Each structure stands twice: as C-alpha cells, then as structure tokens.
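Visitor: Take a look at model01.cif, mmCIF, C-alpha atoms and all ligand atoms:
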```cif
data_target
#
loop_
_atom_site.label_atom_id
_atom_site.label_comp_id
_atom_site.auth_asym_id
_atom_site.auth_seq_id
_atom_site.Cartn_x
_atom_site.Cartn_y
_atom_site.Cartn_z
CA MET G 1 -4.12 -6.22 17.09
CA ASN G 2 -0.83 -8.04 16.72
CA ILE G 3 -0.75 -9.87 13.37
CA VAL G 4 2.92 -9.51 12.35
CA ASN G 5 4.59 -8.13 15.52
CA GLY G 6 4.51 -4.63 14.06
CA PHE G 7 6.06 -5.44 10.69
CA LYS G 8 7.20 -8.21 8.41
CA PHE G 9 9.28 -8.07 5.23
CA ILE G 10 8.54 -10.63 2.54
CA PRO G 11 10.85 -10.76 -0.49
CA GLY G 12 9.22 -10.25 -3.88
CA SER G 13 10.63 -13.61 -5.01
CA THR G 14 8.16 -15.27 -2.62
CA TYR G 15 5.22 -13.42 -4.17
CA ILE G 16 6.42 -14.00 -7.74
CA LYS G 17 6.60 -17.79 -7.30
CA GLY G 18 4.07 -19.43 -9.61
CA LEU G 19 3.55 -16.38 -11.84
CA PRO G 20 4.32 -16.72 -15.56
CA ASP G 21 7.26 -14.75 -17.05
CA HIS G 22 6.58 -11.09 -17.83
CA SER G 23 3.75 -10.96 -15.28
CA HIS G 24 5.46 -8.14 -13.44
CA ALA G 25 6.03 -6.10 -16.61
CA ARG G 26 2.43 -6.61 -17.69
CA PHE G 27 1.10 -5.60 -14.29
CA HIS G 28 3.40 -2.57 -14.23
CA ASN G 29 1.90 -1.43 -17.56
CA PHE G 30 -1.62 -1.80 -16.19
CA TYR G 31 -0.55 0.01 -13.01
CA GLU G 32 0.87 2.97 -14.98
CA SER G 33 -2.25 3.19 -17.14
CA GLN G 34 -4.35 3.71 -14.00
CA LEU G 35 -2.34 6.52 -12.39
CA ARG G 36 -3.69 10.07 -12.31
CA PRO G 37 -2.31 13.16 -10.54
CA ASP G 38 -3.14 13.02 -6.81
CA PRO G 39 -5.66 15.87 -6.34
CA TYR G 40 -4.24 16.44 -2.84
CA ALA G 41 -0.47 16.39 -3.62
CA SER G 42 1.47 17.40 -6.73
CA VAL G 43 4.38 15.03 -5.92
CA ARG G 44 2.32 11.86 -6.27
CA ASP G 45 0.11 10.07 -8.78
CA ARG G 46 -2.61 7.77 -7.57
CA GLY G 47 -5.46 5.44 -8.21
CA MET G 48 -7.75 3.61 -5.82
CA ILE G 49 -10.41 0.96 -5.72
CA LYS G 50 -12.30 -0.36 -2.72
CA LEU G 51 -13.13 -4.03 -2.60
CA ILE G 52 -15.08 -6.41 -0.44
CA TYR G 53 -13.26 -9.55 0.63
CA ASP G 54 -15.30 -12.61 1.48
CA ARG G 55 -13.22 -14.89 3.65
CA PRO G 56 -15.14 -18.17 3.27
CA SER G 57 -14.82 -18.06 -0.53
CA GLN G 58 -11.63 -15.91 -0.54
CA GLN G 59 -13.18 -13.90 -3.39
CA VAL G 60 -13.12 -10.14 -3.90
CA ARG G 61 -15.70 -7.89 -5.50
CA LYS G 62 -15.98 -4.14 -5.99
CA ASN G 63 -17.41 -2.08 -3.12
CA GLU G 64 -20.29 0.33 -3.83
CA ASN G 65 -18.58 2.95 -1.68
CA GLN G 66 -15.38 4.35 -3.26
CA ASN G 67 -14.54 7.19 -0.81
CA TYR G 68 -11.38 7.03 1.27
CA PHE G 69 -11.43 8.26 4.85
CA GLN G 70 -8.61 8.44 7.40
CA SER G 71 -9.02 9.82 10.89
CA TYR G 72 -7.02 12.92 11.84
CA SER G 73 -5.17 10.93 14.48
CA ALA G 74 -3.85 8.57 11.77
CA ASN G 75 -2.94 11.28 9.28
CA ASP G 76 -2.35 14.88 10.34
CA SER G 77 -1.74 15.86 6.69
CA ASP G 78 -4.91 14.53 5.11
CA GLY G 79 -6.87 12.86 7.89
CA GLY G 80 -10.31 13.92 9.09
CA ARG G 81 -11.68 14.34 5.58
CA VAL G 82 -12.93 12.07 2.85
CA ARG G 83 -10.59 11.88 -0.15
CA VAL G 84 -11.70 10.76 -3.57
CA PHE G 85 -9.02 9.38 -5.90
CA ALA G 86 -9.07 8.44 -9.57
CA PRO G 87 -10.73 5.03 -9.80
CA ILE G 88 -8.68 1.95 -10.66
CA SER G 89 -10.48 -0.02 -13.38
CA ASP G 90 -12.75 -2.90 -12.34
CA GLU G 91 -10.37 -5.06 -14.40
CA LEU G 92 -8.20 -5.27 -11.29
CA VAL G 93 -10.73 -7.60 -9.66
CA THR G 94 -10.10 -10.25 -12.32
CA ASP G 95 -6.42 -9.50 -13.00
CA SER G 96 -4.46 -12.72 -12.56
CA VAL G 97 -1.34 -10.99 -11.19
CA PHE G 98 -3.34 -9.00 -8.65
CA LEU G 99 -5.25 -12.11 -7.56
CA HIS G 100 -1.97 -13.99 -7.20
CA ILE G 101 -0.52 -11.25 -4.98
CA LEU G 102 -3.72 -11.13 -2.95
CA LYS G 103 -3.52 -14.88 -2.47
CA GLY G 104 -0.08 -14.28 -0.95
CA ASP G 105 -1.64 -11.74 1.45
CA ALA G 106 -4.62 -13.96 2.29
CA HIS G 107 -2.81 -15.89 5.02
CA TYR G 108 -2.48 -12.69 7.08
CA ILE G 109 -5.88 -11.29 6.08
CA ASN G 110 -7.54 -14.53 7.16
CA LYS G 111 -5.63 -14.42 10.43
CA TYR G 112 -7.05 -10.95 11.00
CA CYS G 113 -10.59 -12.13 10.10
CA HIS G 114 -10.26 -14.97 12.55
CA ARG G 115 -9.02 -12.74 15.38
CA ALA G 116 -11.55 -9.99 14.71
CA GLY G 117 -14.37 -12.49 14.28
CA VAL G 118 -15.39 -11.19 10.84
CA ASP G 119 -16.02 -12.96 7.55
CA ILE G 120 -16.47 -9.96 5.30
CA LEU G 121 -13.92 -7.18 5.08
CA ASN G 122 -13.50 -3.89 3.29
CA ILE G 123 -10.17 -3.64 1.52
CA SER G 124 -8.83 -0.58 -0.25
CA VAL G 125 -6.22 -0.96 -2.96
CA HIS G 126 -4.11 2.10 -3.67
CA PHE G 127 -1.69 2.62 -6.51
CA ILE G 128 0.72 5.34 -5.35
CA ARG G 129 3.55 6.69 -7.47
CA TYR G 130 6.05 8.95 -5.71
CA ARG G 131 7.68 11.10 -8.38
CA ALA G 132 10.76 13.29 -7.84
CA GLU G 133 12.69 15.46 -10.26
CA GLU G 134 16.38 16.01 -9.58
CA GLY G 135 16.66 18.75 -6.95
CA TYR G 136 13.14 18.15 -5.61
CA ALA G 137 11.46 15.69 -3.26
CA SER G 138 8.40 13.53 -3.12
CA PHE G 139 7.01 12.27 0.16
CA SER G 140 4.26 10.22 1.68
CA SER G 141 1.12 11.23 3.53
CA PRO G 142 1.56 11.21 6.50
CA VAL G 143 5.18 12.33 6.20
CA TRP G 144 6.80 10.60 9.18
CA LEU G 145 6.30 7.82 11.73
CA HIS G 146 2.65 6.96 12.27
CA LEU G 147 0.06 4.29 12.95
CA ASP G 148 -2.57 3.85 10.28
CA ASP G 149 -6.25 3.41 11.05
CA GLU G 150 -5.98 0.18 9.11
CA PRO G 151 -5.27 -2.83 11.33
CA LEU G 152 -3.24 -4.40 8.52
CA VAL G 153 -1.47 -2.84 5.53
CA PHE G 154 0.48 -4.57 2.76
CA ILE G 155 2.96 -2.34 0.92
CA HIS G 156 3.87 -4.08 -2.33
CA LEU G 157 6.69 -2.56 -4.37
CA ILE G 158 5.89 -2.41 -8.06
CA ASP G 159 9.00 -0.47 -9.08
CA LEU G 160 11.81 1.65 -7.65
CA THR G 161 13.96 3.34 -10.29
CA PRO G 162 17.77 3.11 -9.82
CA ASN G 163 18.12 6.91 -9.63
CA ALA G 164 16.02 7.01 -6.45
CA ILE G 165 17.54 8.55 -3.32
CA GLY G 166 15.93 7.76 0.04
CA ALA G 167 12.59 5.93 -0.04
CA ASP G 168 13.60 3.71 2.87
CA SER G 169 11.02 2.18 5.16
CA VAL G 170 11.48 2.95 8.85
CA ILE G 171 9.97 1.10 11.80
CA SER G 172 9.81 2.32 15.40
CA GLY G 173 8.20 1.57 18.70
CA MET G 174 5.52 3.85 20.14
CA ASP G 175 8.30 6.18 21.38
CA SER G 176 9.09 7.03 17.70
CA LYS G 177 12.73 5.98 18.05
CA PRO G 178 13.61 4.06 14.88
CA THR G 179 14.44 0.39 15.38
CA ASN G 180 14.62 -0.89 11.79
CA VAL G 181 15.35 0.51 8.35
CA LEU G 182 14.70 -1.48 5.22
CA ARG G 183 14.16 -0.89 1.58
CA LEU G 184 11.66 -2.29 -0.86
CA GLN G 185 13.64 -2.51 -4.08
CA LYS G 186 12.86 -5.67 -6.03
CA PRO G 187 9.54 -6.29 -7.80
CA PHE G 188 6.82 -7.23 -5.30
CA ASP G 189 9.08 -6.82 -2.26
CA THR G 190 6.50 -6.42 0.47
CA LEU G 191 6.29 -4.80 3.87
CA ILE G 192 3.35 -5.78 6.05
CA VAL G 193 2.55 -3.52 8.99
CA ASP G 194 0.05 -3.74 11.83
CA ARG G 195 -0.73 -1.27 14.61
CA THR G 196 1.71 -2.58 17.20
CA LYS G 197 4.64 -0.55 15.79
CA LYS G 198 4.91 2.74 13.90
CA HIS G 199 6.20 3.07 10.34
CA ALA G 200 7.24 5.67 7.80
CA VAL G 201 8.94 5.96 4.45
CA THR G 202 11.67 8.56 3.96
CA PRO G 203 11.21 11.16 1.21
CA LEU G 204 12.21 10.29 -2.33
CA GLY G 205 14.84 12.29 -4.23
CA SER G 206 16.53 11.73 -7.57
CA SER G 207 20.25 11.52 -8.44
CA HIS G 208 19.45 12.53 -12.05
CA GLY G 209 16.31 12.87 -14.12
CA THR G 210 13.00 11.76 -12.68
CA SER G 211 12.84 9.00 -10.08
CA TYR G 212 9.81 6.89 -9.24
CA ARG G 213 8.72 4.73 -6.37
CA ASP G 214 5.65 2.78 -7.40
CA VAL G 215 3.77 0.92 -4.69
CA MET G 216 0.49 -0.88 -4.41
CA LEU G 217 -1.10 -0.79 -0.97
CA VAL G 218 -3.59 -3.41 0.07
CA ASN G 219 -5.31 -2.03 3.17
CA VAL G 220 -7.63 -3.90 5.47
CA GLU G 221 -9.99 -1.14 6.56
CA ALA G 222 -11.06 -0.35 10.09
CA GLU G 223 -14.54 0.48 11.36
CA VAL G 224 -13.60 4.16 11.90
CA GLN G 225 -13.00 4.55 8.14
CA GLN G 226 -16.47 3.53 6.99
CA LYS G 227 -17.72 6.98 5.93
FE FE G 301 1.08 4.03 6.85
#
```
For the structure just supplied, provide its representation as structure tokens.
Ligand SMILES: [Fe+2]
Guide:
Amino acid sequence: MNIVNGFKFIPGSTYIKGLPDHSHARFHNFYESQLRPDPYASVRDRGMIKLIYDRPSQQVRKNENQNYFQSYSANDSDGGRVRVFAPISDELVTDSVFLHILKGDAHYINKYCHRAGVDILNISVHFIRYRAEEGYASFSSPVWLHLDDEPLVFIHLIDLTPNAIGADSVISGMDSKPTNVLRLQKPFDTLIVDRTKKHAVTPLGSSHGTSYRDVMLVNVEAEVQQK
C-alpha cells in the first residue's frame, strides 16, 4: 500500500516542535536504561514493546502478546521464527516524549487505518542500538535492501555519535538499484518507509572508540506477523 511513495524524510525539528527543553536528553536516558544485549546479534542492543493503537481515540495500550515475528521473505537473517526481546517498560505508554512523537506519526498511521479499513492496529516499538568498536562493524537485520512485512515503519533517530562511519539510509526500487541515500543524524530525524520501495541502512563503523546509532522503530504490524 502506498502511504509515502516508498519513503519520506521528516526532520527531527518538526517532531521536536512543542516539546519542552531537555525532552530529548530525558528520553535518551530512558531509552538507554531499557537496552539489553540482542540475544540474536552481539553487535546490537535492543528492547521491544508491542502496543495496540485505537484510531478513534488515538490512544495506545500494551498488547498481551509480546513476541516478534517476521516472515522469511522479509528477513533472510532472522525471519521465519519468533524472536523475543528484552521488554521495554510499560512506562513508555505514558511517556510524554513518546506520545508526542507518536502524535507526529499519527497522521500517516491514520491514513493507513483509513485505507486498510481498520480501527485497531498492532504496533511494535523497537529500541535498537547499533554499537561498533573501532576496527569492527555493526549492521542491521536484514543486512541489505529489503521490504519489511510491516506496511508502514517509522525510523526515529535518537542519537548518532560523531565518530560513526556509514549508517546511511538507502532507498531503491524493486530492482534493488539505489535511488536515494540519506542520513538520520539530528535528534528525532525520521525516515518513514512503506512497501512500495526497498530500503536498507549501511553498516556502522567507528573512526575511534565506540560509535552508536540509536534508533526507535515504530512499526505498524501486518497480518502475517500475528503469531
Ligand atoms: Fe526494514
């Protein structure tokens, strides 16, 4: 379904509008407190919570089911199996910064609800920290250009350290020839992707010390993922 013509970049300054000072720093602290080593990859730290979004009230609540499933066709690294990640605290559901960001996403989520003819949606929120020591690399799963199962994904940058090498977002058509390269680098810089174009993020290296790319994904889940 075409929601954003494949992809749309929204500057973090747009998301930050209306938030009190230090909101980003406070949220970043919360974010870091929730990260745990990814049981499926030593180069990442993660946390996840699944929510239910009710479009008429635009409210979210925690989902009973906290397993994460991707089909093999969407992820040849980790697809085809259920993954369980460290839980993000229920506090997220009432966190004012998170709710503000989600309000920024709601325009597109509601558009999807309208098109799909649904009022209640499953949303998964992932905290993913890519972590690279100098001389090593971190990378995403799946590693290169792909379509997600999710009809709509919001990639919100929480932090990219200045010593990061790579970590560029790449967009392509279905022929996998890149058409756009962009970089999430300021707080809350956001890339929205749908299933009408492919996307990837290049591996993360470090010029010195340890580099981090901290993102929060807000995923609208598809029917195939309800396991
Ligand atoms: Fe993806």
Visitor: Can you tell me which residues sit at most 12 Å away from ligand FE 301 (chain G), counting all atoms listed in the file, written as an MDAnalysis selection string?
Guide: chainID G and resid 6:7 70 74:76 79 126 140:155 169:171 191:195 197:202 217:220
Visitor: Taking (-12.1, 8.2, 7.4) as a centre in this file's frame and 12 Å as the limit, can you find every polymer residue with an atom that close, using all atoms listed in the file, and give them as a JSON list (two decimals) with C-alpha atoms, keeping the file's coordinate frame?
Guide:
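Now in selection.json:
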```json
[["chain", "number", "residue", "atom", "x", "y", "z"],
["G", 66, "GLN", "CA", -15.38, 4.35, -3.26],
["G", 67, "ASN", "CA", -14.54, 7.19, -0.81],
["G", 68, "TYR", "CA", -11.38, 7.03, 1.27],
["G", 69, "PHE", "CA", -11.43, 8.26, 4.85],
["G", 70, "GLN", "CA", -8.61, 8.44, 7.40],
["G", 71, "SER", "CA", -9.02, 9.82, 10.89],
["G", 72, "TYR", "CA", -7.02, 12.92, 11.84],
["G", 73, "SER", "CA", -5.17, 10.93, 14.48],
["G", 74, "ALA", "CA", -3.85, 8.57, 11.77],
["G", 75, "ASN", "CA", -2.94, 11.28, 9.28],
["G", 78, "ASP", "CA", -4.91, 14.53, 5.11],
["G", 79, "GLY", "CA", -6.87, 12.86, 7.89],
["G", 80, "GLY", "CA", -10.31, 13.92, 9.09],
["G", 81, "ARG", "CA", -11.68, 14.34, 5.58],
["G", 82, "VAL", "CA", -12.93, 12.07, 2.85],
["G", 83, "ARG", "CA", -10.59, 11.88, -0.15],
["G", 84, "VAL", "CA", -11.70, 10.76, -3.57],
["G", 148, "ASP", "CA", -2.57, 3.85, 10.28],
["G", 149, "ASP", "CA", -6.25, 3.41, 11.05],
["G", 150, "GLU", "CA", -5.98, 0.18, 9.11],
["G", 221, "GLU", "CA", -9.99, -1.14, 6.56],
["G", 222, "ALA", "CA", -11.06, -0.35, 10.09],
["G", 223, "GLU", "CA", -14.54, 0.48, 11.36],
["G", 224, "VAL", "CA", -13.60, 4.16, 11.90],
["G", 225, "GLN", "CA", -13.00, 4.55, 8.14],
["G", 226, "GLN", "CA", -16.47, 3.53, 6.99],
["G", 227, "LYS", "CA", -17.72, 6.98, 5.93]]
```
Visitor: Residues at most 9 Å from Pro11 (chain G), counting all atoms listed in the file, excluding those fewer than 3 positions away in the same chain, as a CSV table (one decimal) with C-alpha atoms, in the frame of the given file?
Guide:
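And here is the file that came out, out-v5.csv:
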```
chain,number,residue,atom,x,y,z
G,14,THR,CA,8.2,-15.3,-2.6
G,15,TYR,CA,5.2,-13.4,-4.2
G,184,LEU,CA,11.7,-2.3,-0.9
G,186,LYS,CA,12.9,-5.7,-6.0
G,187,PRO,CA,9.5,-6.3,-7.8
G,188,PHE,CA,6.8,-7.2,-5.3
G,189,ASP,CA,9.1,-6.8,-2.3
G,190,THR,CA,6.5,-6.4,0.5
G,191,LEU,CA,6.3,-4.8,3.9
```
Visitor: Would you mind telling me which residue in G:Asn65, G:Asn29, G:Thr196, G:Asn110 lies nearest to Asp214 (chain G) when using only C-alpha atoms?
Guide: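 Using only C-alpha atoms, Asp214 (chain G) sits closest to G:Asn29.
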Visitor: I'd like to know which of G:Ile158, G:Ala106, G:Ala132, G:Ile120 is closest to Arg44 (chain G), using all atoms listed in the file.
Guide: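 So, comparing all the options, the nearest one is G:Ala132.
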Visitor: Residues proximal to (19.6, 11.4, -11.5) were defined as those with any atom within 10 Å of that point in the file's coordinates, counting all atoms listed in the file. Which are they, as a ChimeraX atom specification?
Guide: /G:132-135,161-165,205-211
Visitor: Determine the nearest neighbour of Leu204 (chain G) from the options G:Gly166, G:Pro39, G:Pro56, G:Gly104, counting only C-alpha atoms.
Guide: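 Result for the nearest residue to Leu204 (chain G): G:Gly166.
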Visitor: Mind pulling up the distance from CA of His28 (chain G) to CA of Asp45 (chain G)?
Guide: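 If I compute the distance from CA of Asp45 (chain G) to CA of His28 (chain G), I get 14.2 Å.
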Visitor: Between G:Val4, G:Met48, G:Val181, G:Ile16, which is the closest to His100 (chain G) once you count all atoms listed in the file?
Guide: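 Of the candidates, the smallest distance to His100 (chain G) is held by G:Ile16.
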Visitor: Kindly write N, CA and C atoms of region 158-195 of chain G from the structure just given to a file, as an mmCIF file, in the first residue's frame.
Guide:
```
data_model
loop_
_atom_site.group_PDB
_atom_site.id
_atom_site.type_symbol
_atom_site.label_atom_id
_atom_site.label_comp_id
_atom_site.auth_asym_id
_atom_site.auth_seq_id
_atom_site.Cartn_x
_atom_site.Cartn_y
_atom_site.Cartn_z
ATOM 1 N N ILE G 158 17.378 8.491 17.582
ATOM 2 C CA ILE G 158 17.519 9.004 18.947
ATOM 3 C C ILE G 158 18.901 9.636 19.076
ATOM 4 N N ASP G 159 19.920 8.948 18.547
ATOM 5 C CA ASP G 159 21.276 9.506 18.624
ATOM 6 C C ASP G 159 22.197 8.824 17.618
ATOM 7 N N LEU G 160 23.066 9.621 17.006
ATOM 8 C CA LEU G 160 24.154 9.075 16.184
ATOM 9 C C LEU G 160 25.422 9.764 16.657
ATOM 10 N N THR G 161 26.383 8.997 17.162
ATOM 11 C CA THR G 161 27.580 9.633 17.720
ATOM 12 C C THR G 161 28.466 10.156 16.579
ATOM 13 N N PRO G 162 29.225 11.236 16.829
ATOM 14 C CA PRO G 162 30.019 11.866 15.757
ATOM 15 C C PRO G 162 31.114 10.969 15.198
ATOM 16 N N ASN G 163 31.520 9.927 15.943
ATOM 17 C CA ASN G 163 32.574 9.031 15.441
ATOM 18 C C ASN G 163 32.020 7.917 14.542
ATOM 19 N N ALA G 164 30.720 8.004 14.220
ATOM 20 C CA ALA G 164 30.111 6.965 13.377
ATOM 21 C C ALA G 164 30.592 7.070 11.933
ATOM 22 N N ILE G 165 30.889 5.932 11.331
ATOM 23 C CA ILE G 165 31.170 5.841 9.896
ATOM 24 C C ILE G 165 30.035 5.023 9.295
ATOM 25 N N GLY G 166 29.559 5.437 8.115
ATOM 26 C CA GLY G 166 28.460 4.695 7.480
ATOM 27 C C GLY G 166 27.136 5.046 8.125
ATOM 28 N N ALA G 167 26.276 4.040 8.287
ATOM 29 C CA ALA G 167 24.954 4.252 8.901
ATOM 30 C C ALA G 167 24.082 5.169 8.057
ATOM 31 N N ASP G 168 24.229 5.068 6.740
ATOM 32 C CA ASP G 168 23.379 5.842 5.833
ATOM 33 C C ASP G 168 22.173 5.018 5.419
ATOM 34 N N SER G 169 21.053 5.689 5.269
ATOM 35 C CA SER G 169 19.849 5.005 4.787
ATOM 36 C C SER G 169 19.863 5.021 3.259
ATOM 37 N N VAL G 170 19.486 3.892 2.681
ATOM 38 C CA VAL G 170 19.486 3.734 1.226
ATOM 39 C C VAL G 170 18.090 3.310 0.791
ATOM 40 N N ILE G 171 17.635 3.916 -0.303
ATOM 41 C CA ILE G 171 16.323 3.586 -0.862
ATOM 42 C C ILE G 171 16.539 3.071 -2.284
ATOM 43 N N SER G 172 15.750 2.088 -2.695
ATOM 44 C CA SER G 172 15.821 1.636 -4.089
ATOM 45 C C SER G 172 14.433 1.237 -4.569
ATOM 46 N N GLY G 173 14.342 1.091 -5.892
ATOM 47 C CA GLY G 173 13.148 0.485 -6.462
ATOM 48 C C GLY G 173 13.203 -1.019 -6.263
ATOM 49 N N MET G 174 12.240 -1.729 -6.839
ATOM 50 C CA MET G 174 12.186 -3.191 -6.691
ATOM 51 C C MET G 174 13.366 -3.878 -7.387
ATOM 52 N N ASP G 175 14.065 -3.165 -8.270
ATOM 53 C CA ASP G 175 15.232 -3.748 -8.950
ATOM 54 C C ASP G 175 16.498 -3.666 -8.083
ATOM 55 N N SER G 176 16.373 -3.145 -6.855
ATOM 56 C CA SER G 176 17.494 -3.042 -5.904
ATOM 57 C C SER G 176 18.614 -2.107 -6.351
ATOM 58 N N LYS G 177 18.338 -1.246 -7.342
ATOM 59 C CA LYS G 177 19.349 -0.242 -7.699
ATOM 60 C C LYS G 177 19.067 1.010 -6.870
ATOM 61 N N PRO G 178 20.040 1.429 -6.042
ATOM 62 C CA PRO G 178 19.790 2.561 -5.151
ATOM 63 C C PRO G 178 19.387 3.830 -5.910
ATOM 64 N N THR G 179 18.415 4.524 -5.365
ATOM 65 C CA THR G 179 17.949 5.783 -5.949
ATOM 66 C C THR G 179 18.170 6.966 -5.013
ATOM 67 N N ASN G 180 18.269 6.703 -3.713
ATOM 68 C CA ASN G 180 18.418 7.787 -2.736
ATOM 69 C C ASN G 180 19.289 7.318 -1.575
ATOM 70 N N VAL G 181 20.117 8.239 -1.085
ATOM 71 C CA VAL G 181 20.905 7.974 0.119
ATOM 72 C C VAL G 181 20.689 9.147 1.058
ATOM 73 N N LEU G 182 20.368 8.862 2.279
ATOM 74 C CA LEU G 182 20.195 9.945 3.238
ATOM 75 C C LEU G 182 20.670 9.474 4.603
ATOM 76 N N ARG G 183 20.769 10.432 5.488
ATOM 77 C CA ARG G 183 21.333 10.088 6.790
ATOM 78 C C ARG G 183 20.503 10.697 7.902
ATOM 79 N N LEU G 184 20.102 9.884 8.829
ATOM 80 C CA LEU G 184 19.443 10.379 10.027
ATOM 81 C C LEU G 184 20.564 10.798 10.972
ATOM 82 N N GLN G 185 20.657 12.075 11.285
ATOM 83 C CA GLN G 185 21.753 12.484 12.172
ATOM 84 C C GLN G 185 21.377 13.414 13.297
ATOM 85 N N LYS G 186 20.256 14.117 13.169
ATOM 86 C CA LYS G 186 19.851 15.009 14.271
ATOM 87 C C LYS G 186 18.770 14.305 15.097
ATOM 88 N N PRO G 187 18.640 14.696 16.386
ATOM 89 C CA PRO G 187 17.642 14.049 17.237
ATOM 90 C C PRO G 187 16.254 14.032 16.595
ATOM 91 N N PHE G 188 15.672 12.868 16.564
ATOM 92 C CA PHE G 188 14.321 12.616 16.050
ATOM 93 C C PHE G 188 14.185 12.772 14.532
ATOM 94 N N ASP G 189 15.311 12.931 13.820
ATOM 95 C CA ASP G 189 15.230 12.821 12.359
ATOM 96 C C ASP G 189 14.540 11.503 12.063
ATOM 97 N N THR G 190 13.616 11.524 11.110
ATOM 98 C CA THR G 190 12.758 10.353 10.906
ATOM 99 C C THR G 190 12.671 9.964 9.441
ATOM 100 N N LEU G 191 12.788 8.665 9.206
ATOM 101 C CA LEU G 191 12.537 8.110 7.882
ATOM 102 C C LEU G 191 11.302 7.225 7.985
ATOM 103 N N ILE G 192 10.328 7.508 7.136
ATOM 104 C CA ILE G 192 9.128 6.671 7.071
ATOM 105 C C ILE G 192 9.232 5.837 5.804
ATOM 106 N N VAL G 193 8.992 4.536 5.918
ATOM 107 C CA VAL G 193 9.024 3.700 4.714
ATOM 108 C C VAL G 193 7.741 2.868 4.613
ATOM 109 N N ASP G 194 7.288 2.681 3.373
ATOM 110 C CA ASP G 194 6.197 1.743 3.122
ATOM 111 C C ASP G 194 6.717 0.642 2.201
ATOM 112 N N ARG G 195 5.838 -0.171 1.663
ATOM 113 C CA ARG G 195 6.289 -1.335 0.892
ATOM 114 C C ARG G 195 6.353 -1.086 -0.615
#
```
